[in-house]
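**Q** File data_37.pdb below, PDB, N, CA and C atoms:
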```pdb
ATOM      1  N   MET A  16       4.182  12.141   3.018
ATOM      2  CA  MET A  16       4.265  10.800   2.504
ATOM      3  C   MET A  16       5.298   9.995   3.287
ATOM      4  N   THR A  17       6.389  10.653   3.664
ATOM      5  CA  THR A  17       7.420   9.967   4.437
ATOM      6  C   THR A  17       6.887   9.572   5.806
ATOM      7  N   ALA A  18       6.112  10.451   6.406
ATOM      8  CA  ALA A  18       5.546  10.150   7.722
ATOM      9  C   ALA A  18       4.592   8.966   7.635
ATOM     10  N   LEU A  19       3.815   8.902   6.565
ATOM     11  CA  LEU A  19       2.903   7.766   6.378
ATOM     12  C   LEU A  19       3.682   6.464   6.226
ATOM     13  N   ALA A  20       4.759   6.489   5.462
ATOM     14  CA  ALA A  20       5.579   5.290   5.279
ATOM     15  C   ALA A  20       6.201   4.849   6.598
ATOM     16  N   MET A  21       6.681   5.821   7.375
ATOM     17  CA  MET A  21       7.259   5.480   8.676
ATOM     18  C   MET A  21       6.210   4.899   9.616
ATOM     19  N   ALA A  22       5.030   5.483   9.606
ATOM     20  CA  ALA A  22       3.964   4.997  10.478
ATOM     21  C   ALA A  22       3.535   3.578  10.091
ATOM     22  N   LEU A  23       3.373   3.333   8.793
ATOM     23  CA  LEU A  23       2.991   1.986   8.359
ATOM     24  C   LEU A  23       4.065   0.960   8.699
ATOM     25  N   GLY A  24       5.326   1.329   8.546
ATOM     26  CA  GLY A  24       6.410   0.424   8.890
ATOM     27  C   GLY A  24       6.447   0.115  10.374
ATOM     28  N   MET A  25       6.236   1.136  11.196
ATOM     29  CA  MET A  25       6.235   0.915  12.637
ATOM     30  C   MET A  25       5.058   0.052  13.071
ATOM     31  N   VAL A  26       3.886   0.338  12.549
ATOM     32  CA  VAL A  26       2.704  -0.445  12.908
ATOM     33  C   VAL A  26       2.865  -1.896  12.453
ATOM     34  N   ALA A  27       3.366  -2.097  11.250
ATOM     35  CA  ALA A  27       3.572  -3.457  10.753
ATOM     36  C   ALA A  27       4.596  -4.196  11.604
ATOM     37  N   GLY A  28       5.667  -3.520  11.972
ATOM     38  CA  GLY A  28       6.693  -4.150  12.789
ATOM     39  C   GLY A  28       6.184  -4.563  14.152
ATOM     40  N   VAL A  29       5.500  -3.653  14.831
ATOM     41  CA  VAL A  29       4.985  -3.951  16.168
ATOM     42  C   VAL A  29       3.897  -5.023  16.100
ATOM     43  N   ALA A  30       3.009  -4.909  15.113
ATOM     44  CA  ALA A  30       1.935  -5.899  14.984
ATOM     45  C   ALA A  30       2.496  -7.287  14.693
ATOM     46  N   CYS A  31       3.511  -7.350  13.851
ATOM     47  CA  CYS A  31       4.075  -8.658  13.517
ATOM     48  C   CYS A  31       4.889  -9.231  14.659
ATOM     49  N   LEU A  32       5.525  -8.399  15.452
ATOM     50  CA  LEU A  32       6.202  -8.907  16.647
ATOM     51  C   LEU A  32       5.192  -9.490  17.628
ATOM     52  N   ALA A  33       4.049  -8.826  17.768
ATOM     53  CA  ALA A  33       3.001  -9.357  18.636
ATOM     54  C   ALA A  33       2.444 -10.660  18.075
ATOM     55  N   MET A  34       2.255 -10.715  16.748
ATOM     56  CA  MET A  34       1.763 -11.956  16.127
ATOM     57  C   MET A  34       2.752 -13.088  16.306
ATOM     58  N   SER A  35       4.042 -12.791  16.189
ATOM     59  CA  SER A  35       5.041 -13.851  16.322
ATOM     60  C   SER A  35       5.096 -14.372  17.751
ATOM     61  N   ALA A  36       4.889 -13.507  18.716
ATOM     62  CA  ALA A  36       4.868 -13.957  20.107
ATOM     63  C   ALA A  36       3.611 -14.771  20.405
ATOM     64  N   GLN A  37       2.488 -14.354  19.831
ATOM     65  CA  GLN A  37       1.213 -15.028  20.089
ATOM     66  C   GLN A  37       1.136 -16.397  19.417
ATOM     67  N   TRP A  38       1.550 -16.465  18.138
ATOM     68  CA  TRP A  38       1.356 -17.690  17.367
ATOM     69  C   TRP A  38       2.638 -18.474  17.118
ATOM     70  N   ASN A  39       3.737 -18.056  17.737
ATOM     71  CA  ASN A  39       5.010 -18.764  17.636
ATOM     72  C   ASN A  39       5.467 -18.927  16.179
ATOM     73  N   ILE A  40       5.504 -17.805  15.465
ATOM     74  CA  ILE A  40       6.009 -17.793  14.089
ATOM     75  C   ILE A  40       7.237 -16.894  14.038
ATOM     76  N   ALA A  41       8.010 -17.005  12.978
ATOM     77  CA  ALA A  41       9.222 -16.203  12.842
ATOM     78  C   ALA A  41       8.862 -14.720  12.684
ATOM     79  N   ALA A  42       9.462 -13.886  13.500
ATOM     80  CA  ALA A  42       9.148 -12.456  13.482
ATOM     81  C   ALA A  42       9.592 -11.807  12.177
ATOM     82  N   GLY A  43      10.801 -12.121  11.714
ATOM     83  CA  GLY A  43      11.312 -11.506  10.491
ATOM     84  C   GLY A  43      10.470 -11.834   9.285
ATOM     85  N   GLY A  44      10.096 -13.088   9.157
ATOM     86  CA  GLY A  44       9.264 -13.496   8.024
ATOM     87  C   GLY A  44       7.887 -12.859   8.067
ATOM     88  N   ALA A  45       7.309 -12.754   9.260
ATOM     89  CA  ALA A  45       5.995 -12.127   9.390
ATOM     90  C   ALA A  45       6.057 -10.654   9.018
ATOM     91  N   ILE A  46       7.118  -9.980   9.440
ATOM     92  CA  ILE A  46       7.264  -8.564   9.112
ATOM     93  C   ILE A  46       7.434  -8.384   7.608
ATOM     94  N   VAL A  47       8.285  -9.203   7.004
ATOM     95  CA  VAL A  47       8.526  -9.077   5.563
ATOM     96  C   VAL A  47       7.255  -9.347   4.769
ATOM     97  N   LEU A  48       6.514 -10.382   5.122
ATOM     98  CA  LEU A  48       5.280 -10.692   4.389
ATOM     99  C   LEU A  48       4.221  -9.605   4.569
ATOM    100  N   THR A  49       4.121  -9.060   5.764
ATOM    101  CA  THR A  49       3.131  -8.018   6.006
ATOM    102  C   THR A  49       3.472  -6.736   5.249
ATOM    103  N   VAL A  50       4.725  -6.328   5.293
ATOM    104  CA  VAL A  50       5.122  -5.102   4.599
ATOM    105  C   VAL A  50       5.033  -5.297   3.083
ATOM    106  N   THR A  51       5.330  -6.499   2.596
ATOM    107  CA  THR A  51       5.176  -6.784   1.167
ATOM    108  C   THR A  51       3.714  -6.698   0.754
ATOM    109  N   ALA A  52       2.819  -7.193   1.597
ATOM    110  CA  ALA A  52       1.389  -7.097   1.301
ATOM    111  C   ALA A  52       0.926  -5.643   1.290
ATOM    112  N   LEU A  53       1.437  -4.829   2.221
ATOM    113  CA  LEU A  53       1.098  -3.403   2.211
ATOM    114  C   LEU A  53       1.605  -2.723   0.945
ATOM    115  N   PHE A  54       2.815  -3.081   0.525
ATOM    116  CA  PHE A  54       3.380  -2.503  -0.687
ATOM    117  C   PHE A  54       2.561  -2.898  -1.916
ATOM    118  N   ALA A  55       2.184  -4.181  -2.005
ATOM    119  CA  ALA A  55       1.371  -4.635  -3.142
ATOM    120  C   ALA A  55       0.017  -3.931  -3.153
ATOM    121  N   GLY A  56      -0.566  -3.752  -1.986
ATOM    122  CA  GLY A  56      -1.830  -3.028  -1.906
ATOM    123  C   GLY A  56      -1.699  -1.584  -2.356
ATOM    124  N   SER A  57      -0.589  -0.953  -2.005
ATOM    125  CA  SER A  57      -0.383   0.429  -2.430
ATOM    126  C   SER A  57      -0.186   0.515  -3.936
ATOM    127  N   LEU A  58       0.436  -0.500  -4.530
ATOM    128  CA  LEU A  58       0.588  -0.509  -5.991
ATOM    129  C   LEU A  58      -0.762  -0.624  -6.691
ATOM    130  N   LEU A  59      -1.682  -1.353  -6.091
ATOM    131  CA  LEU A  59      -3.010  -1.508  -6.686
ATOM    132  C   LEU A  59      -3.860  -0.251  -6.524
ATOM    133  N   VAL A  60      -3.700   0.451  -5.427
ATOM    134  CA  VAL A  60      -4.540   1.607  -5.118
ATOM    135  C   VAL A  60      -3.986   2.913  -5.699
ATOM    136  N   ALA A  61      -2.681   3.002  -5.874
ATOM    137  CA  ALA A  61      -2.041   4.255  -6.286
ATOM    138  C   ALA A  61      -2.577   4.836  -7.594
ATOM    139  N   PRO A  62      -2.758   4.054  -8.661
ATOM    140  CA  PRO A  62      -3.269   4.673  -9.897
ATOM    141  C   PRO A  62      -4.654   5.294  -9.719
ATOM    142  N   TRP A  63      -5.498   4.655  -8.924
ATOM    143  CA  TRP A  63      -6.833   5.188  -8.693
ATOM    144  C   TRP A  63      -6.762   6.487  -7.909
ATOM    145  N   LEU A  64      -5.935   6.527  -6.873
ATOM    146  CA  LEU A  64      -5.793   7.748  -6.083
ATOM    147  C   LEU A  64      -5.162   8.871  -6.896
ATOM    148  N   ARG A  65      -4.199   8.532  -7.741
ATOM    149  CA  ARG A  65      -3.544   9.536  -8.575
ATOM    150  C   ARG A  65      -4.548  10.141  -9.556
ATOM    151  N   ALA A  66      -5.399   9.323 -10.137
ATOM    152  CA  ALA A  66      -6.396   9.822 -11.086
ATOM    153  C   ALA A  66      -7.431  10.705 -10.397
ATOM    154  N   GLU A  67      -7.774  10.370  -9.153
ATOM    155  CA  GLU A  67      -8.735  11.183  -8.406
ATOM    156  C   GLU A  67      -8.131  12.520  -8.001
ATOM    157  N   ALA A  68      -6.859  12.520  -7.634
ATOM    158  CA  ALA A  68      -6.229  13.733  -7.134
ATOM    159  C   ALA A  68      -5.947  14.737  -8.249
ATOM    160  N   CYS A  69      -5.515  14.243  -9.394
ATOM    161  CA  CYS A  69      -5.123  15.140 -10.478
ATOM    162  C   CYS A  69      -5.467  14.485 -11.816
ATOM    163  N   PRO A  70      -6.653  14.728 -12.337
ATOM    164  CA  PRO A  70      -7.050  14.081 -13.592
ATOM    165  C   PRO A  70      -6.133  14.409 -14.769
ATOM    166  N   ALA A  71      -5.459  15.539 -14.732
ATOM    167  CA  ALA A  71      -4.574  15.913 -15.842
ATOM    168  C   ALA A  71      -3.362  14.997 -15.923
ATOM    169  N   GLN A  72      -2.970  14.381 -14.820
ATOM    170  CA  GLN A  72      -1.812  13.505 -14.815
ATOM    171  C   GLN A  72      -2.195  12.031 -14.789
ATOM    172  N   ALA A  73      -3.446  11.714 -15.044
ATOM    173  CA  ALA A  73      -3.890  10.318 -15.062
ATOM    174  C   ALA A  73      -3.245   9.605 -16.243
ATOM    175  N   PRO A  74      -3.097   8.301 -16.148
ATOM    176  CA  PRO A  74      -2.526   7.553 -17.280
ATOM    177  C   PRO A  74      -3.335   7.766 -18.553
ATOM    178  N   ALA A  75      -2.670   7.674 -19.685
ATOM    179  CA  ALA A  75      -3.314   7.939 -20.974
ATOM    180  C   ALA A  75      -4.478   6.997 -21.224
ATOM    181  N   ALA A  76      -4.373   5.765 -20.807
ATOM    182  CA  ALA A  76      -5.456   4.807 -21.019
ATOM    183  C   ALA A  76      -6.710   5.229 -20.271
ATOM    184  N   ALA A  77      -6.550   5.737 -19.066
ATOM    185  CA  ALA A  77      -7.707   6.179 -18.292
ATOM    186  C   ALA A  77      -8.340   7.407 -18.931
ATOM    187  N   GLN A  78      -7.527   8.295 -19.480
ATOM    188  CA  GLN A  78      -8.064   9.479 -20.142
ATOM    189  C   GLN A  78      -8.828   9.082 -21.404
ATOM    190  N   LEU A  79      -8.325   8.128 -22.156
ATOM    191  CA  LEU A  79      -9.021   7.691 -23.368
ATOM    192  C   LEU A  79     -10.341   7.018 -23.034
ATOM    193  N   ALA A  80     -10.392   6.290 -21.921
ATOM    194  CA  ALA A  80     -11.604   5.606 -21.554
ATOM    195  C   ALA A  80     -12.688   6.590 -21.133
ATOM    196  N   GLN A  81     -12.318   7.779 -20.656
ATOM    197  CA  GLN A  81     -13.301   8.744 -20.196
ATOM    198  C   GLN A  81     -13.870   9.595 -21.324
ATOM    199  N   ARG A  82     -13.252   9.603 -22.486
ATOM    200  CA  ARG A  82     -13.744  10.411 -23.602
ATOM    201  C   ARG A  82     -14.997   9.790 -24.186
ATOM    202  N   PRO A  83     -15.945  10.661 -24.568
ATOM    203  CA  PRO A  83     -17.195  10.127 -25.155
ATOM    204  C   PRO A  83     -17.003   9.594 -26.556
TER     205      PRO A  83
END
```
Could you take the file, read its structure, and then write that structure out as structure tokens?
**A**
Amino acid sequence: MTALAMALGMVAGVACLAMSAQWNIAAGGAIVLTVTALFAGSLLVAPWLRAEACPAQAPAAAQLAQRP
């Protein structure tokens, strides 16, 4: 998980530096907005991935919804 976080941070940093050079925007702001968007996306996807990986640890609401 740490390696994935490092890789995403590096890719976001390099991509945003390239974007700032290409479109003449602030590099720091582009990096912060991109990494924030990645973080928000991970917050949206994490519960679904957690439920798929280990149904026993899924949130209680998801378990109740699956009962007949």
**Q** Show which residues sit within 7 Å of stretch 22-28 of chain A, as number ranges by chain. Count only N, CA and C atoms, and ignore same-chain residues fewer than 6 positions away.
**A** A: 46, 49-50
**Q** Could you tell me, as a ChimeraX atom specification, exactly which residues end up selected when the PyMOL selection byres ((chain A and resi 45) around 8) is applied to this structure?
**A** /A:27-28,30-32,34-35,40-44,46-51
**Q** Find the distance between atom CA of A:Leu58 and atom CA of A:Leu19 and write it in Å to one decimal.
**A**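 Between atom CA of A:Leu58 and atom CA of A:Leu19 the gap is 15.1 Å.
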**Q** To test the calculation: enclose all listed atoms of stretch 26-39 of chain A in a box whose edges run along x, y and z, add 6 Å on each side, then state centre and edge lengths in Å to one decimal, as AutoDock Vina command-line options.
**A**
```
--center_x 3.9 --center_y -9.3 --center_z 15.6 --size_x 17.6 --size_y 31.3 --size_z 21.7
```
**Q** Could you jot down the atom C of A:Phe54 to atom N of A:Met16 separation for me, Å, one decimal place?
**A**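 These atoms are spaced 15.9 Å apart.
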**Q** Rounded to one decimal, what separation in Å do you get between atom C of A:Val29 and atom N of A:Pro62?
**A**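 Taking atom C of A:Val29 and atom N of A:Pro62, their separation equals 27.2 Å.
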